[in-house]
file work36.cif (mmCIF, C-alpha atoms and all ligand atoms)
data_entry
#
loop_
_atom_site.group_PDB
_atom_site.id
_atom_site.type_symbol
_atom_site.label_atom_id
_atom_site.label_comp_id
_atom_site.auth_asym_id
_atom_site.auth_seq_id
_atom_site.Cartn_x
_atom_site.Cartn_y
_atom_site.Cartn_z
ATOM 1 C CA MET V 1 10.869 24.038 -10.095
ATOM 2 C CA ASP V 2 8.450 25.339 -7.446
ATOM 3 C CA PRO V 3 6.000 22.645 -6.190
ATOM 4 C CA LYS V 4 3.333 25.388 -6.189
ATOM 5 C CA ILE V 5 3.091 24.835 -9.954
ATOM 6 C CA PHE V 6 0.909 21.827 -9.051
ATOM 7 C CA ASP V 7 -1.416 23.779 -6.716
ATOM 8 C CA ILE V 8 -5.026 24.410 -7.674
ATOM 9 C CA ASP V 9 -6.066 27.841 -6.411
ATOM 10 C CA GLY V 10 -8.965 27.647 -3.982
ATOM 11 C CA ALA V 11 -9.120 23.837 -3.971
ATOM 12 C CA ASP V 12 -11.598 22.749 -1.310
ATOM 13 C CA ILE V 13 -9.824 19.718 0.164
ATOM 14 C CA ALA V 14 -12.329 17.321 1.739
ATOM 15 C CA TRP V 15 -9.859 15.245 3.788
ATOM 16 C CA CYS V 16 -10.018 15.288 7.608
ATOM 17 C CA PRO V 17 -7.377 17.410 9.371
ATOM 18 C CA GLY V 18 -4.407 15.146 10.168
ATOM 19 C CA CYS V 19 -5.151 12.606 7.410
ATOM 20 C CA GLY V 20 -2.057 10.936 5.951
ATOM 21 C CA ASP V 21 -3.335 11.785 2.463
ATOM 22 C CA PHE V 22 -2.058 15.376 2.871
ATOM 23 C CA ALA V 23 1.534 14.182 3.295
ATOM 24 C CA ILE V 24 1.250 11.966 0.198
ATOM 25 C CA LEU V 25 -0.057 14.905 -1.853
ATOM 26 C CA LYS V 26 2.828 17.084 -0.621
ATOM 27 C CA THR V 27 5.354 14.317 -1.332
ATOM 28 C CA ILE V 28 4.098 13.856 -4.884
ATOM 29 C CA LYS V 29 4.146 17.590 -5.665
ATOM 30 C CA GLU V 30 7.641 18.072 -4.246
ATOM 31 C CA THR V 31 9.015 14.988 -5.994
ATOM 32 C CA LEU V 32 7.698 16.074 -9.385
ATOM 33 C CA ALA V 33 9.022 19.601 -8.879
ATOM 34 C CA GLU V 34 12.469 18.293 -7.884
ATOM 35 C CA MET V 35 12.479 16.094 -10.977
ATOM 36 C CA GLU V 36 11.508 19.096 -13.155
ATOM 37 C CA ILE V 37 8.427 17.271 -14.462
ATOM 38 C CA SER V 38 5.765 19.691 -15.658
ATOM 39 C CA PRO V 39 1.958 19.255 -15.295
ATOM 40 C CA GLU V 40 1.513 18.747 -19.072
ATOM 41 C CA GLU V 41 3.719 15.648 -19.038
ATOM 42 C CA LEU V 42 1.572 13.940 -16.404
ATOM 43 C CA VAL V 43 -1.703 12.107 -16.080
ATOM 44 C CA PHE V 44 -3.134 11.132 -12.700
ATOM 45 C CA VAL V 45 -5.672 8.336 -12.789
ATOM 46 C CA SER V 46 -7.777 7.232 -9.831
ATOM 47 C CA GLY V 47 -10.867 5.311 -8.819
ATOM 48 C CA ILE V 48 -13.185 6.169 -5.926
ATOM 49 C CA GLY V 49 -12.344 6.808 -2.263
ATOM 50 C CA GLN V 50 -10.577 9.427 -0.151
ATOM 51 C CA ALA V 51 -7.272 8.521 -1.817
ATOM 52 C CA GLY V 52 -9.020 8.577 -5.183
ATOM 53 C CA LYS V 53 -9.670 12.296 -4.665
ATOM 54 C CA LEU V 54 -5.962 13.148 -4.761
ATOM 55 C CA PRO V 55 -5.966 13.994 -8.493
ATOM 56 C CA HIS V 56 -8.655 16.648 -7.772
ATOM 57 C CA TYR V 57 -6.069 18.514 -5.727
ATOM 58 C CA ILE V 58 -3.183 18.585 -8.170
ATOM 59 C CA LYS V 59 -2.813 20.622 -11.333
ATOM 60 C CA ALA V 60 -2.145 18.096 -14.114
ATOM 61 C CA ASN V 61 -4.124 15.945 -16.536
ATOM 62 C CA VAL V 62 -6.602 13.826 -14.602
ATOM 63 C CA PHE V 63 -8.948 10.898 -15.132
ATOM 64 C CA ASN V 64 -11.154 9.934 -12.175
ATOM 65 C CA GLY V 65 -13.239 6.873 -12.973
ATOM 66 C CA LEU V 66 -15.059 3.944 -11.444
ATOM 67 C CA HIS V 67 -14.142 2.303 -8.157
ATOM 68 C CA GLY V 68 -11.379 -0.255 -8.770
ATOM 69 C CA ARG V 69 -11.069 0.441 -12.486
ATOM 70 C CA SER V 70 -8.188 2.887 -12.627
ATOM 71 C CA LEU V 71 -5.444 0.460 -13.704
ATOM 72 C CA PRO V 72 -6.929 -0.518 -17.101
ATOM 73 C CA VAL V 73 -7.516 3.180 -17.798
ATOM 74 C CA SER V 74 -3.898 3.965 -16.914
ATOM 75 C CA THR V 75 -2.716 1.130 -19.160
ATOM 76 C CA ALA V 76 -4.783 2.437 -22.068
ATOM 77 C CA ILE V 77 -3.569 6.031 -21.642
ATOM 78 C CA LYS V 78 0.052 4.871 -21.626
ATOM 79 C CA ALA V 79 -0.598 2.680 -24.673
ATOM 80 C CA VAL V 80 -1.984 5.469 -26.845
ATOM 81 C CA ASN V 81 0.585 8.014 -25.677
ATOM 82 C CA PRO V 82 3.737 6.382 -24.264
ATOM 83 C CA GLU V 83 5.336 9.827 -23.854
ATOM 84 C CA LEU V 84 3.102 10.649 -20.868
ATOM 85 C CA ILE V 85 4.043 9.874 -17.278
ATOM 86 C CA VAL V 86 1.030 8.020 -15.900
ATOM 87 C CA ILE V 87 0.535 7.957 -12.135
ATOM 88 C CA ASN V 88 -2.254 5.722 -10.888
ATOM 89 C CA VAL V 89 -3.250 6.676 -7.355
ATOM 90 C CA SER V 90 -5.967 5.094 -5.222
ATOM 91 C CA GLY V 91 -6.753 3.417 -1.922
ATOM 92 C CA ASP V 92 -6.168 -0.111 -0.665
ATOM 93 C CA GLY V 93 -9.856 -0.948 -1.059
ATOM 94 C CA CYS V 94 -10.017 0.486 -4.567
ATOM 95 C CA THR V 95 -6.838 -1.228 -5.733
ATOM 96 C CA TYR V 96 -6.771 -4.553 -3.881
ATOM 97 C CA GLY V 97 -10.506 -5.071 -3.236
ATOM 98 C CA GLU V 98 -12.819 -3.754 -5.958
ATOM 99 C CA GLY V 99 -9.861 -3.589 -8.370
ATOM 100 C CA GLY V 100 -8.111 -6.767 -7.226
ATOM 101 C CA ASN V 101 -8.506 -8.596 -10.517
ATOM 102 C CA HIS V 102 -7.141 -5.603 -12.423
ATOM 103 C CA PHE V 103 -4.243 -5.370 -9.981
ATOM 104 C CA ILE V 104 -3.189 -8.933 -10.745
ATOM 105 C CA HIS V 105 -3.517 -8.794 -14.522
ATOM 106 C CA ASN V 106 -1.985 -5.347 -14.692
ATOM 107 C CA ILE V 107 1.200 -6.821 -13.210
ATOM 108 C CA ARG V 108 1.228 -9.443 -15.974
ATOM 109 C CA ARG V 109 0.780 -6.721 -18.619
ATOM 110 C CA ASN V 110 3.535 -4.560 -17.149
ATOM 111 C CA PRO V 111 2.572 -1.096 -18.436
ATOM 112 C CA ASP V 112 5.167 1.580 -17.688
ATOM 113 C CA ILE V 113 3.073 3.309 -15.016
ATOM 114 C CA ILE V 114 3.508 4.230 -11.352
ATOM 115 C CA ASN V 115 0.885 2.788 -9.018
ATOM 116 C CA ILE V 116 0.624 4.626 -5.689
ATOM 117 C CA VAL V 117 -1.674 2.919 -3.193
ATOM 118 C CA HIS V 118 -2.689 4.819 -0.050
ATOM 119 C CA ASN V 119 -2.881 1.897 2.364
ATOM 120 C CA ASN V 120 -4.834 2.970 5.461
ATOM 121 C CA MET V 121 -6.155 -0.564 6.100
ATOM 122 C CA VAL V 122 -9.749 0.675 6.086
ATOM 123 C CA TYR V 123 -12.495 1.998 3.804
ATOM 124 C CA GLY V 124 -12.261 5.720 4.627
ATOM 125 C CA LEU V 125 -14.829 7.243 2.275
ATOM 126 C CA THR V 126 -17.635 4.866 3.237
ATOM 127 C CA LYS V 127 -17.012 5.417 6.948
ATOM 128 C CA GLY V 128 -14.804 2.715 8.281
ATOM 129 C CA GLN V 129 -15.625 -0.782 7.005
ATOM 130 C CA ALA V 130 -12.766 -3.286 6.749
ATOM 131 C CA SER V 131 -10.641 -3.256 3.603
ATOM 132 C CA PRO V 132 -8.627 -6.202 2.204
ATOM 133 C CA THR V 133 -5.564 -5.022 4.145
ATOM 134 C CA SER V 134 -7.346 -4.578 7.500
ATOM 135 C CA GLN V 135 -5.635 -6.580 10.167
ATOM 136 C CA ARG V 136 -7.191 -9.582 11.890
ATOM 137 C CA ASP V 137 -9.522 -8.714 14.793
ATOM 138 C CA PHE V 138 -9.919 -5.116 13.581
ATOM 139 C CA ASN V 139 -13.327 -3.913 14.797
ATOM 140 C CA THR V 140 -15.553 -1.864 12.535
ATOM 141 C CA PRO V 141 -19.254 -0.862 12.522
ATOM 142 C CA LEU V 142 -19.774 -3.781 10.092
ATOM 143 C CA GLN V 143 -17.228 -6.321 11.373
ATOM 144 C CA ILE V 144 -18.557 -5.995 14.917
ATOM 145 C CA GLU V 145 -16.700 -9.026 16.214
ATOM 146 C CA GLY V 146 -13.547 -8.083 14.375
ATOM 147 C CA VAL V 147 -12.108 -9.055 11.004
ATOM 148 C CA SER V 148 -11.755 -12.825 10.823
ATOM 149 C CA LEU V 149 -9.648 -13.022 7.648
ATOM 150 C CA GLU V 150 -5.926 -12.838 6.998
ATOM 151 C CA PRO V 151 -4.999 -9.493 5.403
ATOM 152 C CA PHE V 152 -4.264 -9.391 1.666
ATOM 153 C CA ASN V 153 -0.522 -9.022 1.101
ATOM 154 C CA PRO V 154 -0.054 -6.846 -2.017
ATOM 155 C CA LEU V 155 3.740 -6.939 -1.982
ATOM 156 C CA ALA V 156 3.936 -10.730 -1.750
ATOM 157 C CA ILE V 157 1.425 -11.043 -4.609
ATOM 158 C CA ALA V 158 3.337 -8.539 -6.747
ATOM 159 C CA ILE V 159 6.687 -10.257 -6.168
ATOM 160 C CA ALA V 160 5.149 -13.693 -6.768
ATOM 161 C CA LEU V 161 3.935 -12.368 -10.133
ATOM 162 C CA ASN V 162 7.402 -10.965 -10.891
ATOM 163 C CA ALA V 163 6.265 -7.326 -10.922
ATOM 164 C CA SER V 164 8.982 -5.051 -12.205
ATOM 165 C CA PHE V 165 9.221 -2.683 -9.188
ATOM 166 C CA VAL V 166 7.782 -3.290 -5.720
ATOM 167 C CA ALA V 167 8.115 -0.888 -2.795
ATOM 168 C CA ARG V 168 6.480 0.129 0.457
ATOM 169 C CA ALA V 169 6.657 3.586 2.024
ATOM 170 C CA PHE V 170 5.214 5.469 5.005
ATOM 171 C CA SER V 171 3.403 8.749 4.410
ATOM 172 C CA GLY V 172 4.852 10.140 7.655
ATOM 173 C CA ASP V 173 8.363 10.038 6.178
ATOM 174 C CA ILE V 174 8.328 12.461 3.254
ATOM 175 C CA LYS V 175 12.090 12.343 2.634
ATOM 176 C CA GLN V 176 12.325 8.551 2.193
ATOM 177 C CA THR V 177 9.032 8.356 0.297
ATOM 178 C CA LYS V 178 10.337 10.939 -2.178
ATOM 179 C CA GLU V 179 13.435 8.848 -2.839
ATOM 180 C CA ILE V 180 11.313 5.766 -3.519
ATOM 181 C CA LEU V 181 8.947 7.714 -5.770
ATOM 182 C CA LYS V 182 11.834 9.173 -7.777
ATOM 183 C CA LYS V 183 13.201 5.690 -8.433
ATOM 184 C CA ALA V 184 9.737 4.426 -9.399
ATOM 185 C CA ILE V 185 9.294 7.277 -11.901
ATOM 186 C CA LYS V 186 12.707 6.601 -13.458
ATOM 187 C CA HIS V 187 12.062 2.847 -13.600
ATOM 188 C CA LYS V 188 10.789 1.399 -16.887
ATOM 189 C CA GLY V 189 7.843 -0.927 -16.277
ATOM 190 C CA TYR V 190 5.067 -1.225 -13.724
ATOM 191 C CA ALA V 191 6.021 0.235 -10.332
ATOM 192 C CA LEU V 192 3.958 -0.451 -7.207
ATOM 193 C CA ILE V 193 4.390 1.790 -4.161
ATOM 194 C CA ASP V 194 2.152 0.768 -1.297
ATOM 195 C CA ILE V 195 2.165 3.722 1.128
ATOM 196 C CA PHE V 196 1.083 3.269 4.740
ATOM 197 C CA GLN V 197 -1.297 6.154 5.400
ATOM 198 C CA PRO V 198 -2.929 6.808 8.779
ATOM 199 C CA CYS V 199 -6.709 7.362 8.630
ATOM 200 C CA VAL V 200 -7.146 9.432 11.786
ATOM 201 C CA THR V 201 -10.936 9.129 11.770
ATOM 202 C CA PHE V 202 -11.747 5.461 11.118
ATOM 203 C CA ASN V 203 -8.604 3.523 11.977
ATOM 204 C CA LYS V 204 -7.692 4.078 15.617
ATOM 205 C CA VAL V 205 -5.411 1.018 15.654
ATOM 206 C CA ASN V 206 -2.969 1.622 12.792
ATOM 207 C CA THR V 207 -2.141 5.190 13.774
ATOM 208 C CA PHE V 208 0.850 7.363 12.849
ATOM 209 C CA GLN V 209 2.622 6.119 15.983
ATOM 210 C CA TRP V 210 1.679 2.493 15.251
ATOM 211 C CA PHE V 211 3.214 2.729 11.770
ATOM 212 C CA LYS V 212 6.335 4.318 13.249
ATOM 213 C CA ASN V 213 6.662 1.616 15.899
ATOM 214 C CA ASN V 214 5.925 -1.272 13.567
ATOM 215 C CA THR V 215 8.098 -0.502 10.547
ATOM 216 C CA TYR V 216 11.787 -0.421 9.705
ATOM 217 C CA TYR V 217 13.754 0.398 6.560
ATOM 218 C CA LEU V 218 15.468 -2.275 4.484
ATOM 219 C CA ASP V 219 19.173 -1.547 4.647
ATOM 220 C CA GLU V 220 21.944 -1.520 2.038
ATOM 221 C CA SER V 221 22.483 -5.257 2.412
ATOM 222 C CA HIS V 222 19.058 -5.985 0.894
ATOM 223 C CA ASP V 223 19.525 -7.143 -2.700
ATOM 224 C CA ARG V 224 16.621 -5.651 -4.701
ATOM 225 C CA PHE V 225 17.265 -7.980 -7.599
ATOM 226 C CA ASP V 226 16.967 -11.140 -5.496
ATOM 227 C CA ARG V 227 13.336 -12.190 -5.880
ATOM 228 C CA GLU V 228 13.345 -14.884 -3.197
ATOM 229 C CA GLU V 229 14.887 -12.510 -0.666
ATOM 230 C CA ALA V 230 12.314 -9.855 -1.610
ATOM 231 C CA PHE V 231 9.510 -12.370 -1.104
ATOM 232 C CA LYS V 232 10.831 -13.296 2.337
ATOM 233 C CA LYS V 233 10.850 -9.608 3.286
ATOM 234 C CA SER V 234 7.326 -9.124 1.946
ATOM 235 C CA ILE V 235 5.863 -11.700 4.350
ATOM 236 C CA GLU V 236 7.488 -10.224 7.456
ATOM 237 C CA THR V 237 4.808 -8.964 9.838
ATOM 238 C CA GLU V 238 6.493 -8.662 13.203
ATOM 239 C CA LYS V 239 7.738 -5.342 11.881
ATOM 240 C CA TYR V 240 6.879 -4.251 8.342
ATOM 241 C CA PRO V 241 9.867 -3.440 6.111
ATOM 242 C CA LEU V 242 9.858 -0.170 4.142
ATOM 243 C CA GLY V 243 11.835 0.637 1.005
ATOM 244 C CA ILE V 244 12.335 -0.961 -2.387
ATOM 245 C CA PHE V 245 11.828 -4.709 -2.061
ATOM 246 C CA TYR V 246 12.240 -5.826 -5.651
ATOM 247 C CA MET V 247 13.230 -4.580 -9.096
ATOM 248 C CA ASN V 248 13.612 -6.225 -12.472
ATOM 249 C CA SER V 249 13.629 -4.865 -15.999
ATOM 250 C CA ASP V 250 13.585 -8.229 -17.728
ATOM 251 C CA ASN V 251 10.075 -8.071 -19.131
ATOM 252 C CA LYS V 252 8.956 -5.844 -21.981
ATOM 253 C CA THR V 253 6.342 -3.243 -21.115
ATOM 254 C CA PHE V 254 2.746 -3.466 -22.325
ATOM 255 C CA GLU V 255 3.390 -0.643 -24.800
ATOM 256 C CA GLU V 256 6.508 -2.296 -26.199
ATOM 257 C CA ASN V 257 4.523 -5.438 -26.890
ATOM 258 C CA ILE V 258 1.866 -3.624 -28.949
ATOM 259 C CA ILE V 259 2.086 -4.573 -32.639
ATOM 260 C CA ALA V 260 1.200 -1.029 -33.721
ATOM 261 C CA TYR V 261 4.565 0.167 -32.393
ATOM 262 C CA LYS V 262 6.679 -2.519 -34.054
ATOM 263 C CA THR V 263 7.426 -0.495 -37.179
ATOM 264 C CA ASN V 264 5.984 2.923 -36.329
ATOM 265 C CA LYS V 265 7.043 4.558 -33.052
ATOM 266 C CA SER V 266 4.766 7.605 -33.263
ATOM 267 C CA PRO V 267 2.166 7.672 -30.449
ATOM 268 C CA MET V 268 -1.109 6.081 -31.504
ATOM 269 C CA TYR V 269 -3.188 9.132 -30.583
ATOM 270 C CA GLN V 270 -1.406 11.141 -33.284
ATOM 271 C CA ARG V 271 -2.242 8.750 -36.096
ATOM 272 C CA ASP V 272 -5.118 9.175 -38.527
ATOM 273 C CA LEU V 273 -7.727 6.482 -38.356
ATOM 274 C CA ASP V 274 -7.927 4.661 -41.699
ATOM 275 C CA ILE V 275 -11.595 3.649 -41.700
ATOM 276 C CA ASP V 276 -11.366 1.795 -45.043
ATOM 277 C CA LYS V 277 -8.469 -0.325 -43.769
ATOM 278 C CA LEU V 278 -10.424 -1.106 -40.603
ATOM 279 C CA LYS V 279 -13.550 -2.045 -42.594
ATOM 280 C CA LYS V 280 -11.487 -4.347 -44.831
ATOM 281 C CA LEU V 281 -9.955 -6.019 -41.794
ATOM 282 C CA ILE V 282 -13.406 -6.583 -40.248
ATOM 283 C CA ASP V 283 -14.664 -7.993 -43.566
ATOM 284 C CA THR V 284 -11.817 -10.508 -43.745
ATOM 285 C CA LYS V 285 -12.851 -11.824 -40.305
ATOM 286 C CA LYS V 286 -16.517 -12.309 -41.274
HETATM 287 C C1 LIG V 301 -18.230 -0.973 -7.386
HETATM 288 C C2 LIG V 301 -18.338 -0.155 -6.117
HETATM 289 N N1 LIG V 301 -18.399 -0.792 -4.941
HETATM 290 C C3 LIG V 301 -18.481 -0.072 -3.804
HETATM 291 C C4 LIG V 301 -18.525 1.288 -3.838
HETATM 292 C C5 LIG V 301 -18.633 2.058 -2.542
HETATM 293 N N2 LIG V 301 -17.330 2.598 -2.144
HETATM 294 C C6 LIG V 301 -16.948 3.853 -2.470
HETATM 295 S S1 LIG V 301 -15.452 4.268 -1.819
HETATM 296 C C7 LIG V 301 -15.311 2.731 -1.086
HETATM 297 C C8 LIG V 301 -14.129 2.366 -0.235
HETATM 298 C C9 LIG V 301 -12.901 3.152 -0.502
HETATM 299 O O1 LIG V 301 -11.856 2.649 0.264
HETATM 300 P P1 LIG V 301 -10.346 2.774 -0.174
HETATM 301 O O2 LIG V 301 -10.190 2.433 -1.606
HETATM 302 O O3 LIG V 301 -9.521 1.992 0.781
HETATM 303 O O4 LIG V 301 -10.057 4.324 -0.080
HETATM 304 P P2 LIG V 301 -10.057 5.356 1.148
HETATM 305 O O5 LIG V 301 -11.414 6.012 1.129
HETATM 306 O O6 LIG V 301 -9.796 4.594 2.408
HETATM 307 O O7 LIG V 301 -8.949 6.302 0.799
HETATM 308 C C10 LIG V 301 -16.415 1.931 -1.369
HETATM 309 C C11 LIG V 301 -16.597 0.549 -0.859
HETATM 310 C C12 LIG V 301 -18.448 1.938 -5.095
HETATM 311 N N3 LIG V 301 -18.411 3.257 -5.198
HETATM 312 N N4 LIG V 301 -18.366 1.192 -6.231
HETATM 313 S S1 LIG V 302 -11.797 9.414 6.719
HETATM 314 FE FE1 LIG V 302 -9.666 8.767 7.007
HETATM 315 S S2 LIG V 302 -8.820 8.532 4.940
HETATM 316 FE FE2 LIG V 302 -10.692 9.770 4.792
HETATM 317 S S3 LIG V 302 -9.989 11.888 4.875
HETATM 318 FE FE3 LIG V 302 -10.564 11.278 6.958
HETATM 319 S S4 LIG V 302 -8.650 10.569 7.865
HETATM 320 FE FE4 LIG V 302 -8.330 10.590 5.645
#
call {"tool": "encode", "arguments": {"input": "work36.cif", "output": "structure tokens"}}
result
Amino acid sequence: MDPKIFDIDGADIAWCPGCGDFAILKTIKETLAEMEISPEELVFVSGIGQAGKLPHYIKANVFNGLHGRSLPVSTAIKAVNPELIVINVSGDGCTYGEGGNHFIHNIRRNPDIINIVHNNMVYGLTKGQASPTSQRDFNTPLQIEGVSLEPFNPLAIAIALNASFVARAFSGDIKQTKEILKKAIKHKGYALIDIFQPCVTFNKVNTFQWFKNNTYYLDESHDRFDREEAFKKSIETEKYPLGIFYMNSDNKTFEENIIAYKTNKSPMYQRDLDIDKLKKLIDTKK
């Protein structure tokens, strides 16, 4: 399949030249094309931010909602139509800051969705304030003496909560990121891919070269099914590991746990609403 199938003619892309978001967009389009997934099978869901604009630039079904609120929307879409491939895509601020509570409880629910987080360690859209993943001492127009907090560690949190798929990628390496994304799409259950993404305008510390110099790939010897080993890797900061840290398929997905699917497997959106039955049910609870 030609990745151009996902292009929107005349799309006016608002990202700065050189932004890592372009590479992520290209990676997603090429991955989907290589996997022969068509636009109708997909829904992209995002919140607010530069990363949150990605669904505007891809031809597929799209829901762009409130800052930090994309994960519950993704969960609901997957619940009413489990046949769709739901890709949640947003920034580190949107997902781990404003949406932090949703991030945590989404892992517990385990919907079968892919969660791509553009991690540029800064708030890009609002012009460079610190995000939860900004590194200590990072100077911004707001944090004038530098960030004084430890950065939020999304991978360690996800592994601690026994998330079903946890990975980190680098937007500058399209080939490896594609491989990770393919595995996340094939995986059943919630899949987190935190992608390091240089913000060339507001993060002059964590640049393309910085990410290259400060990362390495997990090798074959890393056992993805060993949770303790994955946790140890997730707290490494001298150099940041890239690749798939952890996988498990032990827990049922959110959709599988829904009572409505116990006896009837047809997607909920196709069912007729029985108002009388609903009224009776409400009456019994009065
Ligand atoms: C509830 C709420 N709080 C704050 C804002 C303002 N706001 C819009 S985008 C943004 C930061 C986005 O940063 P991030 O999610 O890291 O994405 P990036 O722009 O870096 O891709 C903020 C704070 C908002 N729109 N809604
Ligand atoms: S401000 Fe940063 S994240 Fe936003 S488009 Fe520009 S380079 Fe990309």
call {"tool": "residues_near_ligand", "arguments": {"input": "work36.cif", "ligand": "ligand LIG 301 (chain V)", "cutoff": "8 Å", "atoms": "all atoms listed in the file", "output": "list of chain:residue names"}}
result
V:Gly47, V:Ile48, V:Gly49, V:Gln50, V:Ala51, V:Gly52, V:Leu66, V:His67, V:Gly68, V:Ser90, V:Gly91, V:Asp92, V:Gly93, V:Cys94, V:Thr95, V:Gly97, V:Glu98, V:His118, V:Asn119, V:Asn120, V:Met121, V:Val122, V:Tyr123, V:Gly124, V:Leu125, V:Thr126, V:Gly128, V:Ser131, V:Cys199
call {"tool": "atom_distance", "arguments": {"input": "work36.cif", "atom1": "CA of Pro198 (chain V)", "atom2": "CA of Ser148 (chain V)"}}
result
21.6 Å
call {"tool": "closest_residue", "arguments": {"input": "work36.cif", "among": "V:Asn203, V:Ser74, V:Ser134, V:Gln176", "to": "Leu242 (chain V)", "atoms": "all atoms listed in the file"}}
result
V:Gln176
call {"tool": "closest_residue", "arguments": {"input": "work36.cif", "among": "V:Ala79, V:Leu142, V:Ala60, V:Leu71", "to": "Glu256 (chain V)", "atoms": "only C-alpha atoms"}}
result
V:Ala79
call {"tool": "closest_residue", "arguments": {"input": "work36.cif", "among": "V:Thr253, V:Thr27, V:Thr263, V:Gln129", "to": "ligand LIG 302 (chain V)", "atoms": "only C-alpha atoms and all ligand atoms"}}
result
V:Gln129
call {"tool": "closest_residue", "arguments": {"input": "work36.cif", "among": "V:Trp15, V:Phe225, V:Phe22, V:Tyr57", "to": "ligand LIG 302 (chain V)", "atoms": "only C-alpha atoms and all ligand atoms"}}
result
V:Trp15
call {"tool": "closest_residue", "arguments": {"input": "work36.cif", "among": "V:Tyr261, V:Phe6, V:Phe208, V:Tyr246", "to": "ligand LIG 302 (chain V)", "atoms": "only C-alpha atoms and all ligand atoms"}}
result
V:Phe208
call {"tool": "residues_around", "arguments": {"input": "work36.cif", "residues": "Ile159 (chain V)", "least_positions_apart": "6", "cutoff": "10 Å", "atoms": "all atoms listed in the file", "output": "VMD selection string"}}
result
chain V and resid 107 165 to 166 227 to 228 230 to 232 234 245 to 247
call {"tool": "closest_residue", "arguments": {"input": "work36.cif", "among": "V:Asn251, V:Thr215, V:Thr207, V:Ser266", "to": "ligand LIG 302 (chain V)", "atoms": "all atoms listed in the file"}}
result
V:Thr207
call {"tool": "atom_distance", "arguments": {"input": "work36.cif", "atom1": "CA of Asn162 (chain V)", "atom2": "CA of Phe196 (chain V)"}}
result
22.1 Å
call {"tool": "residues_around", "arguments": {"input": "work36.cif", "residues": "Ser249 (chain V)", "least_positions_apart": "5", "cutoff": "12 Å", "atoms": "only C-alpha atoms", "output": "PyMOL selection string"}}
result
chain V and resi 110-112+162-166+186-191+224-225
call {"tool": "atom_distance", "arguments": {"input": "work36.cif", "atom1": "CA of Lys178 (chain V)", "atom2": "CA of Ala23 (chain V)"}}
result
10.9 Å
call {"tool": "residues_around", "arguments": {"input": "work36.cif", "residues": "Thr177 (chain V)", "least_positions_apart": "4", "cutoff": "10 Å", "atoms": "all atoms listed in the file", "output": "MDAnalysis selection string"}}
result
chainID V and resid 23:24 27:28 31 167:173 181:182 193 195 242:243
call {"tool": "residues_around", "arguments": {"input": "work36.cif", "residues": "Val205 (chain V)", "least_positions_apart": "4", "cutoff": "10 Å", "atoms": "only C-alpha atoms", "output": "list in words"}}
result
Met121, Gln135, Phe138, Asn139, Pro198, Cys199, Val200, Gln209, Trp210 and Phe211 of chain V
call {"tool": "write_last_selection", "arguments": {"input": "work36.cif", "atoms": "C-alpha atoms", "output": "CSV table (one decimal), in the coordinates of the input"}}
result
chain,number,residue,atom,x,y,z
V,121,MET,CA,-6.2,-0.6,6.1
V,135,GLN,CA,-5.6,-6.6,10.2
V,138,PHE,CA,-9.9,-5.1,13.6
V,139,ASN,CA,-13.3,-3.9,14.8
V,198,PRO,CA,-2.9,6.8,8.8
V,199,CYS,CA,-6.7,7.4,8.6
V,200,VAL,CA,-7.1,9.4,11.8
V,209,GLN,CA,2.6,6.1,16.0
V,210,TRP,CA,1.7,2.5,15.3
V,211,PHE,CA,3.2,2.7,11.8
call {"tool": "axis_aligned_box", "arguments": {"input": "work36.cif", "around": "ligand LIG 302 (chain V)", "padding_each_side": "3 Å", "output": "JSON"}}
result
{"center_x": -10.1, "center_y": 10.2, "center_z": 6.3, "size_x": 9.5, "size_y": 9.4, "size_z": 9.1}
